[in-house]
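Quick look at upload30.csv (CSV, N, CA and C atoms):
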chain,number,residue,atom,x,y,z
A,17,MET,N,-20.2,12.9,36.8
A,17,MET,CA,-20.7,11.7,36.2
A,17,MET,C,-19.6,10.7,35.9
A,18,GLU,N,-19.8,9.5,36.2
A,18,GLU,CA,-18.9,8.4,35.8
A,18,GLU,C,-19.0,8.2,34.3
A,19,LYS,N,-17.9,8.1,33.6
A,19,LYS,CA,-17.9,7.9,32.2
A,19,LYS,C,-18.4,6.5,31.9
A,20,LEU,N,-19.5,6.4,31.1
A,20,LEU,CA,-20.0,5.1,30.7
A,20,LEU,C,-19.7,4.8,29.2
A,21,THR,N,-19.1,3.6,29.0
A,21,THR,CA,-18.8,3.3,27.6
A,21,THR,C,-19.3,1.9,27.3
A,22,SER,N,-19.3,1.5,26.1
A,22,SER,CA,-19.7,0.2,25.6
A,22,SER,C,-19.0,-0.1,24.3
A,23,THR,N,-18.7,-1.4,24.1
A,23,THR,CA,-18.0,-1.8,22.9
A,23,THR,C,-18.6,-3.1,22.4
A,24,LEU,N,-18.7,-3.2,21.0
A,24,LEU,CA,-19.2,-4.4,20.3
A,24,LEU,C,-18.1,-4.7,19.3
A,25,ARG,N,-17.9,-6.0,19.1
A,25,ARG,CA,-17.0,-6.4,17.9
A,25,ARG,C,-17.7,-7.5,17.2
A,26,LEU,N,-17.8,-7.4,15.9
A,26,LEU,CA,-18.4,-8.4,15.1
A,26,LEU,C,-18.0,-8.4,13.7
A,27,ARG,N,-18.2,-9.6,13.1
A,27,ARG,CA,-17.8,-9.8,11.7
A,27,ARG,C,-19.0,-9.4,10.8
A,28,MET,N,-18.7,-8.7,9.8
A,28,MET,CA,-19.7,-8.4,8.8
A,28,MET,C,-19.8,-9.6,7.9
A,29,SER,N,-21.0,-10.2,7.8
A,29,SER,CA,-21.2,-11.4,7.0
A,29,SER,C,-21.6,-11.1,5.6
A,30,TYR,N,-21.7,-12.0,4.8
A,30,TYR,CA,-22.1,-11.8,3.4
A,30,TYR,C,-23.6,-11.4,3.3
A,31,LYS,N,-24.4,-11.8,4.3
A,31,LYS,CA,-25.8,-11.4,4.3
A,31,LYS,C,-25.9,-9.9,4.7
A,32,ASP,N,-24.8,-9.3,5.3
A,32,ASP,CA,-24.8,-7.9,5.6
A,32,ASP,C,-24.5,-7.0,4.3
A,33,ALA,N,-23.9,-7.7,3.3
A,33,ALA,CA,-23.5,-7.0,2.1
A,33,ALA,C,-24.8,-6.5,1.4
A,34,HIS,N,-24.8,-5.3,1.0
A,34,HIS,CA,-26.0,-4.7,0.4
A,34,HIS,C,-25.7,-4.3,-1.1
A,35,TYR,N,-24.5,-4.0,-1.4
A,35,TYR,CA,-24.2,-3.5,-2.7
A,35,TYR,C,-23.1,-4.3,-3.4
A,36,GLY,N,-22.9,-4.1,-4.7
A,36,GLY,CA,-21.9,-4.8,-5.5
A,36,GLY,C,-20.6,-4.8,-4.8
A,37,GLY,N,-19.8,-5.8,-5.1
A,37,GLY,CA,-18.5,-5.9,-4.5
A,37,GLY,C,-18.5,-6.3,-3.0
A,38,ASN,N,-19.7,-6.8,-2.5
A,38,ASN,CA,-19.8,-7.1,-1.1
A,38,ASN,C,-19.7,-6.0,-0.1
A,39,LEU,N,-20.1,-4.8,-0.6
A,39,LEU,CA,-20.0,-3.6,0.2
A,39,LEU,C,-21.2,-3.6,1.2
A,40,VAL,N,-20.9,-3.3,2.5
A,40,VAL,CA,-21.9,-3.2,3.5
A,40,VAL,C,-22.4,-1.8,3.6
A,41,ASP,N,-23.7,-1.6,3.7
A,41,ASP,CA,-24.3,-0.2,3.7
A,41,ASP,C,-24.0,0.5,5.0
A,42,GLY,N,-23.9,1.8,5.0
A,42,GLY,CA,-23.6,2.6,6.1
A,42,GLY,C,-24.6,2.5,7.2
A,43,ALA,N,-25.9,2.2,6.8
A,43,ALA,CA,-26.9,2.1,7.8
A,43,ALA,C,-26.6,1.0,8.8
A,44,HIS,N,-25.8,0.0,8.4
A,44,HIS,CA,-25.4,-1.1,9.3
A,44,HIS,C,-24.6,-0.5,10.5
A,45,MET,N,-23.8,0.4,10.3
A,45,MET,CA,-23.0,1.1,11.3
A,45,MET,C,-23.9,1.8,12.3
A,46,VAL,N,-24.9,2.5,11.7
A,46,VAL,CA,-25.9,3.2,12.5
A,46,VAL,C,-26.7,2.3,13.4
A,47,HIS,N,-27.0,1.1,12.8
A,47,HIS,CA,-27.7,0.1,13.6
A,47,HIS,C,-26.8,-0.3,14.8
A,48,LEU,N,-25.5,-0.5,14.6
A,48,LEU,CA,-24.7,-0.9,15.7
A,48,LEU,C,-24.6,0.2,16.8
A,49,PHE,N,-24.6,1.5,16.3
A,49,PHE,CA,-24.6,2.6,17.3
A,49,PHE,C,-25.9,2.6,18.1
A,50,GLY,N,-27.0,2.2,17.5
A,50,GLY,CA,-28.3,2.1,18.2
A,50,GLY,C,-28.2,1.1,19.3
A,51,ASP,N,-27.6,-0.1,19.0
A,51,ASP,CA,-27.4,-1.1,20.0
A,51,ASP,C,-26.5,-0.6,21.2
A,52,LEU,N,-25.5,0.1,20.8
A,52,LEU,CA,-24.6,0.7,21.9
A,52,LEU,C,-25.4,1.6,22.7
A,53,ALA,N,-26.2,2.5,22.1
A,53,ALA,CA,-27.0,3.5,22.9
A,53,ALA,C,-27.9,2.8,23.8
A,54,THR,N,-28.5,1.7,23.4
A,54,THR,CA,-29.5,0.9,24.2
A,54,THR,C,-28.7,0.4,25.5
A,55,GLU,N,-27.5,-0.2,25.2
A,55,GLU,CA,-26.8,-0.7,26.4
A,55,GLU,C,-26.3,0.4,27.3
A,56,LEU,N,-25.9,1.5,26.8
A,56,LEU,CA,-25.5,2.6,27.6
A,56,LEU,C,-26.6,3.1,28.5
A,57,LEU,N,-27.8,3.2,27.9
A,57,LEU,CA,-29.0,3.7,28.7
A,57,LEU,C,-29.4,2.7,29.8
A,58,ILE,N,-29.2,1.4,29.5
A,58,ILE,CA,-29.5,0.4,30.5
A,58,ILE,C,-28.5,0.5,31.6
A,59,LYS,N,-27.2,0.7,31.3
A,59,LYS,CA,-26.2,0.9,32.3
A,59,LYS,C,-26.5,2.1,33.2
A,60,MET,N,-26.9,3.2,32.6
A,60,MET,CA,-27.1,4.4,33.3
A,60,MET,C,-28.5,4.5,34.0
A,61,ASP,N,-29.5,4.0,33.4
A,61,ASP,CA,-30.9,4.3,33.9
A,61,ASP,C,-31.7,3.0,34.2
A,62,GLY,N,-31.2,1.9,33.8
A,62,GLY,CA,-31.9,0.6,34.0
A,62,GLY,C,-33.1,0.5,33.1
A,63,ASP,N,-33.0,1.2,32.0
A,63,ASP,CA,-34.1,1.2,31.0
A,63,ASP,C,-33.5,1.5,29.6
A,64,GLU,N,-34.2,1.0,28.6
A,64,GLU,CA,-33.7,1.1,27.2
A,64,GLU,C,-33.8,2.6,26.7
A,65,GLY,N,-34.7,3.4,27.2
A,65,GLY,CA,-34.8,4.7,26.8
A,65,GLY,C,-35.2,4.8,25.3
A,66,LEU,N,-35.0,6.0,24.8
A,66,LEU,CA,-35.4,6.3,23.4
A,66,LEU,C,-34.3,7.1,22.7
A,67,PHE,N,-34.0,6.8,21.5
A,67,PHE,CA,-33.1,7.6,20.7
A,67,PHE,C,-33.8,8.7,20.1
A,68,LEU,N,-33.4,10.0,20.5
A,68,LEU,CA,-34.1,11.2,20.0
A,68,LEU,C,-33.7,11.6,18.6
A,69,LYS,N,-32.3,11.7,18.5
A,69,LYS,CA,-31.8,12.1,17.1
A,69,LYS,C,-30.3,11.9,17.1
A,70,TYR,N,-29.8,11.8,15.8
A,70,TYR,CA,-28.4,11.9,15.6
A,70,TYR,C,-28.1,13.4,15.2
A,71,THR,N,-27.1,13.9,15.8
A,71,THR,CA,-26.7,15.3,15.5
A,71,THR,C,-25.6,15.4,14.5
A,72,ASN,N,-24.9,14.3,14.3
A,72,ASN,CA,-23.9,14.2,13.3
A,72,ASN,C,-23.6,12.8,12.9
A,73,ILE,N,-23.4,12.5,11.6
A,73,ILE,CA,-22.9,11.2,11.2
A,73,ILE,C,-21.9,11.4,10.1
A,74,GLU,N,-20.8,10.7,10.1
A,74,GLU,CA,-19.8,10.8,9.1
A,74,GLU,C,-19.4,9.4,8.7
A,75,PHE,N,-19.6,9.1,7.4
A,75,PHE,CA,-19.1,7.8,6.8
A,75,PHE,C,-17.8,8.0,6.2
A,76,LEU,N,-16.8,7.4,6.7
A,76,LEU,CA,-15.4,7.7,6.4
A,76,LEU,C,-14.6,6.7,5.6
A,77,ALA,N,-15.0,5.4,5.6
A,77,ALA,CA,-14.3,4.4,4.8
A,77,ALA,C,-15.3,3.3,4.5
A,78,PRO,N,-15.1,2.5,3.5
A,78,PRO,CA,-16.0,1.4,3.1
A,78,PRO,C,-15.8,0.2,4.1
A,79,VAL,N,-16.9,-0.5,4.2
A,79,VAL,CA,-16.9,-1.8,5.0
A,79,VAL,C,-17.4,-2.9,4.1
A,80,TYR,N,-16.7,-4.0,4.1
A,80,TYR,CA,-17.0,-5.1,3.2
A,80,TYR,C,-17.4,-6.4,4.0
A,81,ALA,N,-18.1,-7.3,3.4
A,81,ALA,CA,-18.4,-8.6,4.0
A,81,ALA,C,-17.0,-9.2,4.4
A,82,GLY,N,-16.9,-9.8,5.5
A,82,GLY,CA,-15.7,-10.4,6.0
A,82,GLY,C,-14.8,-9.5,6.9
A,83,ASP,N,-15.1,-8.2,6.9
A,83,ASP,CA,-14.4,-7.3,7.8
A,83,ASP,C,-14.9,-7.5,9.2
A,84,TYR,N,-14.1,-7.2,10.1
A,84,TYR,CA,-14.5,-7.2,11.6
A,84,TYR,C,-14.6,-5.7,12.0
A,85,ILE,N,-15.7,-5.3,12.6
A,85,ILE,CA,-15.9,-4.0,13.0
A,85,ILE,C,-16.0,-3.9,14.6
A,86,GLU,N,-15.2,-3.0,15.1
A,86,GLU,CA,-15.3,-2.7,16.6
A,86,GLU,C,-16.1,-1.4,16.7
A,87,ALA,N,-17.2,-1.4,17.3
A,87,ALA,CA,-18.0,-0.2,17.5
A,87,ALA,C,-18.0,0.2,19.0
A,88,TRP,N,-17.8,1.5,19.2
A,88,TRP,CA,-17.6,2.0,20.6
A,88,TRP,C,-18.5,3.2,20.8
A,89,GLY,N,-19.1,3.3,22.0
A,89,GLY,CA,-19.9,4.4,22.3
A,89,GLY,C,-19.7,4.9,23.7
A,90,GLU,N,-20.0,6.1,24.0
A,90,GLU,CA,-19.9,6.7,25.4
A,90,GLU,C,-21.0,7.7,25.6
A,91,ILE,N,-21.4,7.8,26.8
A,91,ILE,CA,-22.3,9.0,27.2
A,91,ILE,C,-21.3,10.0,27.7
A,92,TYR,N,-21.3,11.2,27.1
A,92,TYR,CA,-20.3,12.2,27.5
A,92,TYR,C,-20.9,13.4,28.3
A,93,GLU,N,-22.3,13.4,28.3
A,93,GLU,CA,-23.0,14.4,29.0
A,93,GLU,C,-24.4,13.9,29.3
A,94,ALA,N,-24.9,14.2,30.6
A,94,ALA,CA,-26.2,13.8,30.9
A,94,ALA,C,-27.0,14.9,31.7
A,95,GLY,N,-28.2,15.1,31.2
A,95,GLY,CA,-29.1,16.0,31.9
A,95,GLY,C,-30.1,15.2,32.7
A,96,ASN,N,-31.2,15.8,33.1
A,96,ASN,CA,-32.3,15.1,33.8
A,96,ASN,C,-32.8,13.8,33.1
A,97,THR,N,-33.0,14.0,31.8
A,97,THR,CA,-33.6,12.9,31.0
A,97,THR,C,-32.7,12.7,29.7
A,98,SER,N,-32.0,13.7,29.3
A,98,SER,CA,-31.2,13.5,28.0
A,98,SER,C,-29.8,13.0,28.3
A,99,ARG,N,-29.3,12.3,27.3
A,99,ARG,CA,-28.0,11.7,27.4
A,99,ARG,C,-27.3,11.9,26.0
A,100,LYS,N,-26.2,12.7,26.0
A,100,LYS,CA,-25.5,13.0,24.8
A,100,LYS,C,-24.4,11.9,24.7
A,101,MET,N,-24.4,11.3,23.5
A,101,MET,CA,-23.5,10.2,23.2
A,101,MET,C,-22.7,10.4,22.0
A,102,ARG,N,-21.5,9.8,21.9
A,102,ARG,CA,-20.7,9.8,20.7
A,102,ARG,C,-20.3,8.3,20.4
A,103,PHE,N,-20.1,8.1,19.1
A,103,PHE,CA,-19.9,6.7,18.7
A,103,PHE,C,-18.8,6.7,17.6
A,104,GLU,N,-18.1,5.6,17.5
A,104,GLU,CA,-17.1,5.4,16.5
A,104,GLU,C,-17.0,3.9,16.1
A,105,ALA,N,-17.0,3.6,14.8
A,105,ALA,CA,-16.8,2.3,14.3
A,105,ALA,C,-15.5,2.2,13.6
A,106,ARG,N,-14.7,1.1,14.0
A,106,ARG,CA,-13.4,1.0,13.4
A,106,ARG,C,-13.3,-0.4,12.8
A,107,LYS,N,-12.7,-0.5,11.6
A,107,LYS,CA,-12.4,-1.8,11.0
A,107,LYS,C,-11.1,-2.3,11.6
A,108,VAL,N,-11.1,-3.5,12.3
A,108,VAL,CA,-10.0,-4.0,12.9
A,108,VAL,C,-9.4,-5.2,12.2
A,109,VAL,N,-10.2,-5.8,11.3
A,109,VAL,CA,-9.8,-6.9,10.4
A,109,VAL,C,-10.3,-6.6,9.1
A,110,ALA,N,-9.5,-6.7,8.0
A,110,ALA,CA,-10.0,-6.5,6.7
A,110,ALA,C,-10.0,-7.8,5.9
A,111,ALA,N,-11.1,-8.1,5.3
A,111,ALA,CA,-11.2,-9.2,4.4
A,111,ALA,C,-10.3,-9.0,3.2
A,112,ARG,N,-9.7,-10.1,2.7
A,112,ARG,CA,-8.8,-10.1,1.6
A,112,ARG,C,-9.2,-11.1,0.5
A,113,PRO,N,-10.3,-10.9,-0.1
A,113,PRO,CA,-10.8,-11.8,-1.1
A,113,PRO,C,-9.9,-11.8,-2.4
A,114,ASP,N,-9.0,-10.7,-2.5
A,114,ASP,CA,-8.1,-10.7,-3.6
A,114,ASP,C,-7.0,-11.7,-3.4
A,115,VAL,N,-6.7,-12.2,-2.2
A,115,VAL,CA,-5.7,-13.2,-2.0
A,115,VAL,C,-6.3,-14.6,-2.1
A,116,ARG,N,-7.4,-14.8,-1.4
A,116,ARG,CA,-8.2,-16.0,-1.5
A,116,ARG,C,-9.5,-15.8,-0.7
A,117,PRO,N,-10.6,-16.5,-0.9
A,117,PRO,CA,-11.8,-16.2,-0.3
A,117,PRO,C,-11.8,-16.2,1.3
A,118,SER,N,-10.9,-16.9,1.9
A,118,SER,CA,-10.9,-16.9,3.4
A,118,SER,C,-9.8,-16.1,4.0
A,119,ALA,N,-9.0,-15.3,3.1
A,119,ALA,CA,-7.9,-14.5,3.6
A,119,ALA,C,-8.4,-13.2,4.3
A,120,ALA,N,-7.7,-12.8,5.3
A,120,ALA,CA,-8.0,-11.6,6.0
A,120,ALA,C,-6.7,-11.1,6.7
A,121,ASP,N,-6.6,-9.8,6.9
A,121,ASP,CA,-5.5,-9.1,7.6
A,121,ASP,C,-6.0,-8.5,8.9
A,122,PHE,N,-5.3,-8.8,10.0
A,122,PHE,CA,-5.5,-8.1,11.3
A,122,PHE,C,-4.8,-6.7,11.1
A,123,LEU,N,-5.5,-5.6,11.3
A,123,LEU,CA,-5.0,-4.3,11.1
A,123,LEU,C,-4.3,-3.8,12.4
A,124,GLU,N,-3.0,-3.5,12.2
A,124,GLU,CA,-2.2,-3.0,13.4
A,124,GLU,C,-2.8,-1.6,13.8
A,125,GLU,N,-3.2,-0.9,12.8
A,125,GLU,CA,-3.9,0.4,13.0
A,125,GLU,C,-5.3,0.4,12.5
A,126,PRO,N,-6.3,0.3,13.4
A,126,PRO,CA,-7.7,0.2,12.9
A,126,PRO,C,-8.0,1.4,12.0
A,127,ILE,N,-9.0,1.2,11.1
A,127,ILE,CA,-9.5,2.2,10.2
A,127,ILE,C,-10.8,2.7,10.7
A,128,VAL,N,-10.9,4.0,11.0
A,128,VAL,CA,-12.2,4.6,11.4
A,128,VAL,C,-13.1,4.6,10.2
A,129,VAL,N,-14.3,3.9,10.3
A,129,VAL,CA,-15.2,3.8,9.1
A,129,VAL,C,-16.4,4.7,9.3
A,130,CYS,N,-16.7,5.0,10.5
A,130,CYS,CA,-17.9,5.9,10.8
A,130,CYS,C,-17.8,6.5,12.2
A,131,LYS,N,-18.3,7.8,12.3
A,131,LYS,CA,-18.4,8.5,13.5
A,131,LYS,C,-19.7,9.1,13.6
A,132,ALA,N,-20.3,9.2,14.8
A,132,ALA,CA,-21.6,9.9,15.0
A,132,ALA,C,-21.7,10.4,16.4
A,133,GLU,N,-22.6,11.3,16.5
A,133,GLU,CA,-23.1,11.8,17.8
A,133,GLU,C,-24.6,11.9,17.8
A,134,GLY,N,-25.2,11.7,19.0
A,134,GLY,CA,-26.6,11.7,19.1
A,134,GLY,C,-27.1,12.0,20.5
A,135,ILE,N,-28.4,12.1,20.6
A,135,ILE,CA,-29.0,12.4,21.9
A,135,ILE,C,-30.1,11.4,22.1
A,136,CYS,N,-30.1,10.8,23.3
A,136,CYS,CA,-31.1,9.8,23.8
A,136,CYS,C,-31.8,10.4,25.0
A,137,VAL,N,-33.0,9.9,25.2
A,137,VAL,CA,-33.8,10.3,26.3
A,137,VAL,C,-34.3,9.1,27.1
A,138,THR,N,-34.2,9.2,28.4
A,138,THR,CA,-34.9,8.2,29.3
A,138,THR,C,-35.9,9.0,30.2
A,139,PRO,N,-37.2,8.9,29.9
A,139,PRO,CA,-38.1,9.7,30.7
A,139,PRO,C,-38.0,9.4,32.2
A,140,LYS,N,-38.1,10.4,33.1
A,140,LYS,CA,-38.0,10.2,34.5
A,140,LYS,C,-38.8,9.1,35.1
A,141,ALA,N,-40.0,8.9,34.5
A,141,ALA,CA,-40.9,7.8,35.0
A,141,ALA,C,-40.4,6.4,34.9
A,142,VAL,N,-39.4,6.2,34.0
A,142,VAL,CA,-38.9,4.8,33.8
A,142,VAL,C,-37.4,4.7,34.3
A,143,GLN,N,-36.8,5.8,34.7
A,143,GLN,CA,-35.4,5.7,35.2
A,143,GLN,C,-35.5,4.9,36.6
A,144,ARG,N,-34.6,3.9,36.7
A,144,ARG,CA,-34.5,3.1,37.9
A,144,ARG,C,-33.2,3.4,38.7
A,145,ARG,N,-32.4,4.3,38.2
A,145,ARG,CA,-31.1,4.6,38.9
A,145,ARG,C,-31.0,6.1,39.0
Structure re-expressed in structure tokens:
Amino acid sequence: MEKLTSTLRLRMSYKDAHYGGNLVDGAHMVHLFGDLATELLIKMDGDEGLFLKYTNIEFLAPVYAGDYIEAWGEIYEAGNTSRKMRFEARKVVAARPDVRPSAADFLEEPIVVCKAEGICVTPKAVQRR
């Protein structure tokens, strides 16, 4: 099987902040992983498929409004209809409101903020590849 990967990079806005101190909730990272899974299934099967379950999720570091997150996913194993995937979200730019409201640091070494694994399914009837 050819290794399929997908990557998204986006800024967490202040509307993404859910808690005090402009903290973004972990569910936002899971939402990004769902978008990656959809793209991966389209690449592999020509269909969005269905997310069956997450088998593991680890929240490893906080994410704040103004941070840039790079989310990455891959299909590492595929059966007839199931696709096992792994995901990682990394902070690549950190907001620095302690310096001034518009300050930020590009991180030489990204910080892994969330990791997950999951299983998706694309029914045979809708697979186009």
Point to revise | chain A: residues DSSP assigns to strand (DSSP E), reported as JSON, numbers by chain | key: {"A": [20, 21, 22, 23, 24, 25, 26, 27, 33, 34, 35, 39, 40, 66, 67, 68, 69, 70, 71, 72, 73, 74, 75, 84, 85, 86, 87, 88, 89, 90, 91, 92, 93, 94, 98, 99, 100, 101, 102, 103, 104, 105, 106, 107, 108, 109, 110, 111, 120, 121, 122, 123, 124, 125, 126, 127, 128, 129, 130, 131, 132, 133, 134, 135, 136, 137]}
Point to revise | Counting only C-alpha atoms, the option among A:Ala53, A:Met45, A:Ile85, A:Ala110 closest to Arg25 (chain A) | key: A:Ile85
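Take CA of Lys140 (chain A) and atom N of Thr97 (chain A): the distance between them is 6.8 Å.
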Exercise for review: Select, counting all atoms listed in the file, all protein, DNA and RNA residues no farther than 5 Å from (-18.9, 5.9, 15.3) in file coordinates, and express the selection as a ChimeraX atom specification.
Suggested key: /A:103-105,130-132
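You can rank A:Gly37, A:Leu76, A:Phe49, A:Arg144 by their closest distance to Asp114 (chain A) using only C-alpha atoms, and at the top of that list sits A:Gly37.
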Just region 48-125 of chain A, please, as a PDB file, in the first residue's frame (only C-alpha atoms).
ATOM      1  CA  LEU A  48      -8.888  18.734  12.800  1.00  0.00           C
ATOM      2  CA  PHE A  49      -8.143  15.004  12.878  1.00  0.00           C
ATOM      3  CA  GLY A  50     -11.637  14.348  11.505  1.00  0.00           C
ATOM      4  CA  ASP A  51     -10.940  16.699   8.592  1.00  0.00           C
ATOM      5  CA  LEU A  52      -7.651  14.916   7.913  1.00  0.00           C
ATOM      6  CA  ALA A  53      -9.395  11.526   7.997  1.00  0.00           C
ATOM      7  CA  THR A  54     -11.964  12.745   5.472  1.00  0.00           C
ATOM      8  CA  GLU A  55      -9.243  13.928   3.078  1.00  0.00           C
ATOM      9  CA  LEU A  56      -7.313  10.680   3.479  1.00  0.00           C
ATOM     10  CA  LEU A  57     -10.402   8.605   2.685  1.00  0.00           C
ATOM     11  CA  ILE A  58     -11.124  10.729  -0.391  1.00  0.00           C
ATOM     12  CA  LYS A  59      -7.522  10.216  -1.561  1.00  0.00           C
ATOM     13  CA  MET A  60      -7.745   6.453  -1.044  1.00  0.00           C
ATOM     14  CA  ASP A  61     -11.348   5.622  -1.901  1.00  0.00           C
ATOM     15  CA  GLY A  62     -12.872   8.595  -3.699  1.00  0.00           C
ATOM     16  CA  ASP A  63     -15.424   8.884  -0.881  1.00  0.00           C
ATOM     17  CA  GLU A  64     -15.570  10.563   2.532  1.00  0.00           C
ATOM     18  CA  GLY A  65     -16.250   7.273   4.314  1.00  0.00           C
ATOM     19  CA  LEU A  66     -17.145   7.099   8.005  1.00  0.00           C
ATOM     20  CA  PHE A  67     -15.122   7.546  11.180  1.00  0.00           C
ATOM     21  CA  LEU A  68     -15.747   4.403  13.240  1.00  0.00           C
ATOM     22  CA  LYS A  69     -13.794   5.159  16.413  1.00  0.00           C
ATOM     23  CA  TYR A  70     -10.752   6.651  18.034  1.00  0.00           C
ATOM     24  CA  THR A  71      -8.643   3.949  19.644  1.00  0.00           C
ATOM     25  CA  ASN A  72      -6.377   6.381  21.485  1.00  0.00           C
ATOM     26  CA  ILE A  73      -6.202  10.127  22.121  1.00  0.00           C
ATOM     27  CA  GLU A  74      -3.545  11.933  24.152  1.00  0.00           C
ATOM     28  CA  PHE A  75      -3.694  15.659  24.955  1.00  0.00           C
ATOM     29  CA  LEU A  76      -0.092  16.622  25.641  1.00  0.00           C
ATOM     30  CA  ALA A  77       0.221  20.429  25.759  1.00  0.00           C
ATOM     31  CA  PRO A  78      -2.074  23.472  25.871  1.00  0.00           C
ATOM     32  CA  VAL A  79      -3.130  25.391  22.758  1.00  0.00           C
ATOM     33  CA  TYR A  80      -4.039  29.089  22.916  1.00  0.00           C
ATOM     34  CA  ALA A  81      -5.708  31.586  20.606  1.00  0.00           C
ATOM     35  CA  GLY A  82      -3.034  32.949  18.283  1.00  0.00           C
ATOM     36  CA  ASP A  83      -1.055  29.690  18.134  1.00  0.00           C
ATOM     37  CA  TYR A  84      -0.518  28.037  14.757  1.00  0.00           C
ATOM     38  CA  ILE A  85      -1.194  24.306  14.660  1.00  0.00           C
ATOM     39  CA  GLU A  86       0.067  21.887  12.051  1.00  0.00           C
ATOM     40  CA  ALA A  87      -2.052  18.727  12.038  1.00  0.00           C
ATOM     41  CA  TRP A  88      -0.838  15.630  10.216  1.00  0.00           C
ATOM     42  CA  GLY A  89      -2.434  12.280   9.518  1.00  0.00           C
ATOM     43  CA  GLU A  90      -1.682   9.063   7.699  1.00  0.00           C
ATOM     44  CA  ILE A  91      -3.311   5.783   6.796  1.00  0.00           C
ATOM     45  CA  TYR A  92      -0.886   3.151   8.053  1.00  0.00           C
ATOM     46  CA  GLU A  93      -2.959   0.020   7.431  1.00  0.00           C
ATOM     47  CA  ALA A  94      -5.894  -0.762   5.146  1.00  0.00           C
ATOM     48  CA  GLY A  95      -8.256  -3.713   4.973  1.00  0.00           C
ATOM     49  CA  ASN A  96     -11.150  -4.287   2.566  1.00  0.00           C
ATOM     50  CA  THR A  97     -13.182  -1.466   4.106  1.00  0.00           C
ATOM     51  CA  SER A  98     -11.284  -0.378   7.232  1.00  0.00           C
ATOM     52  CA  ARG A  99      -8.476   2.155   7.325  1.00  0.00           C
ATOM     53  CA  LYS A 100      -6.286   2.535  10.408  1.00  0.00           C
ATOM     54  CA  MET A 101      -4.997   6.062  10.859  1.00  0.00           C
ATOM     55  CA  ARG A 102      -2.701   7.992  13.155  1.00  0.00           C
ATOM     56  CA  PHE A 103      -2.680  11.724  13.763  1.00  0.00           C
ATOM     57  CA  GLU A 104      -0.464  14.331  15.389  1.00  0.00           C
ATOM     58  CA  ALA A 105      -1.034  18.032  16.059  1.00  0.00           C
ATOM     59  CA  ARG A 106       2.001  20.252  16.627  1.00  0.00           C
ATOM     60  CA  LYS A 107       2.240  23.868  17.725  1.00  0.00           C
ATOM     61  CA  VAL A 108       4.566  25.569  15.221  1.00  0.00           C
ATOM     62  CA  VAL A 109       3.951  29.198  16.258  1.00  0.00           C
ATOM     63  CA  ALA A 110       3.224  30.263  19.836  1.00  0.00           C
ATOM     64  CA  ALA A 111       1.251  33.414  20.584  1.00  0.00           C
ATOM     65  CA  ARG A 112       3.075  35.755  23.001  1.00  0.00           C
ATOM     66  CA  PRO A 113       0.427  38.043  24.520  1.00  0.00           C
ATOM     67  CA  ASP A 114       2.802  38.542  27.475  1.00  0.00           C
ATOM     68  CA  VAL A 115       5.045  40.577  25.132  1.00  0.00           C
ATOM     69  CA  ARG A 116       2.232  42.429  23.327  1.00  0.00           C
ATOM     70  CA  PRO A 117      -1.120  41.409  21.795  1.00  0.00           C
ATOM     71  CA  SER A 118       0.313  40.785  18.308  1.00  0.00           C
ATOM     72  CA  ALA A 119       3.602  39.101  19.319  1.00  0.00           C
ATOM     73  CA  ALA A 120       4.328  35.475  18.417  1.00  0.00           C
ATOM     74  CA  ASP A 121       7.333  33.142  18.221  1.00  0.00           C
ATOM     75  CA  PHE A 122       8.072  30.716  15.396  1.00  0.00           C
ATOM     76  CA  LEU A 123       9.125  27.550  17.192  1.00  0.00           C
ATOM     77  CA  GLU A 124      12.352  25.969  15.925  1.00  0.00           C
ATOM     78  CA  GLU A 125      11.178  22.726  17.536  1.00  0.00           C
TER      79      GLU A 125
END
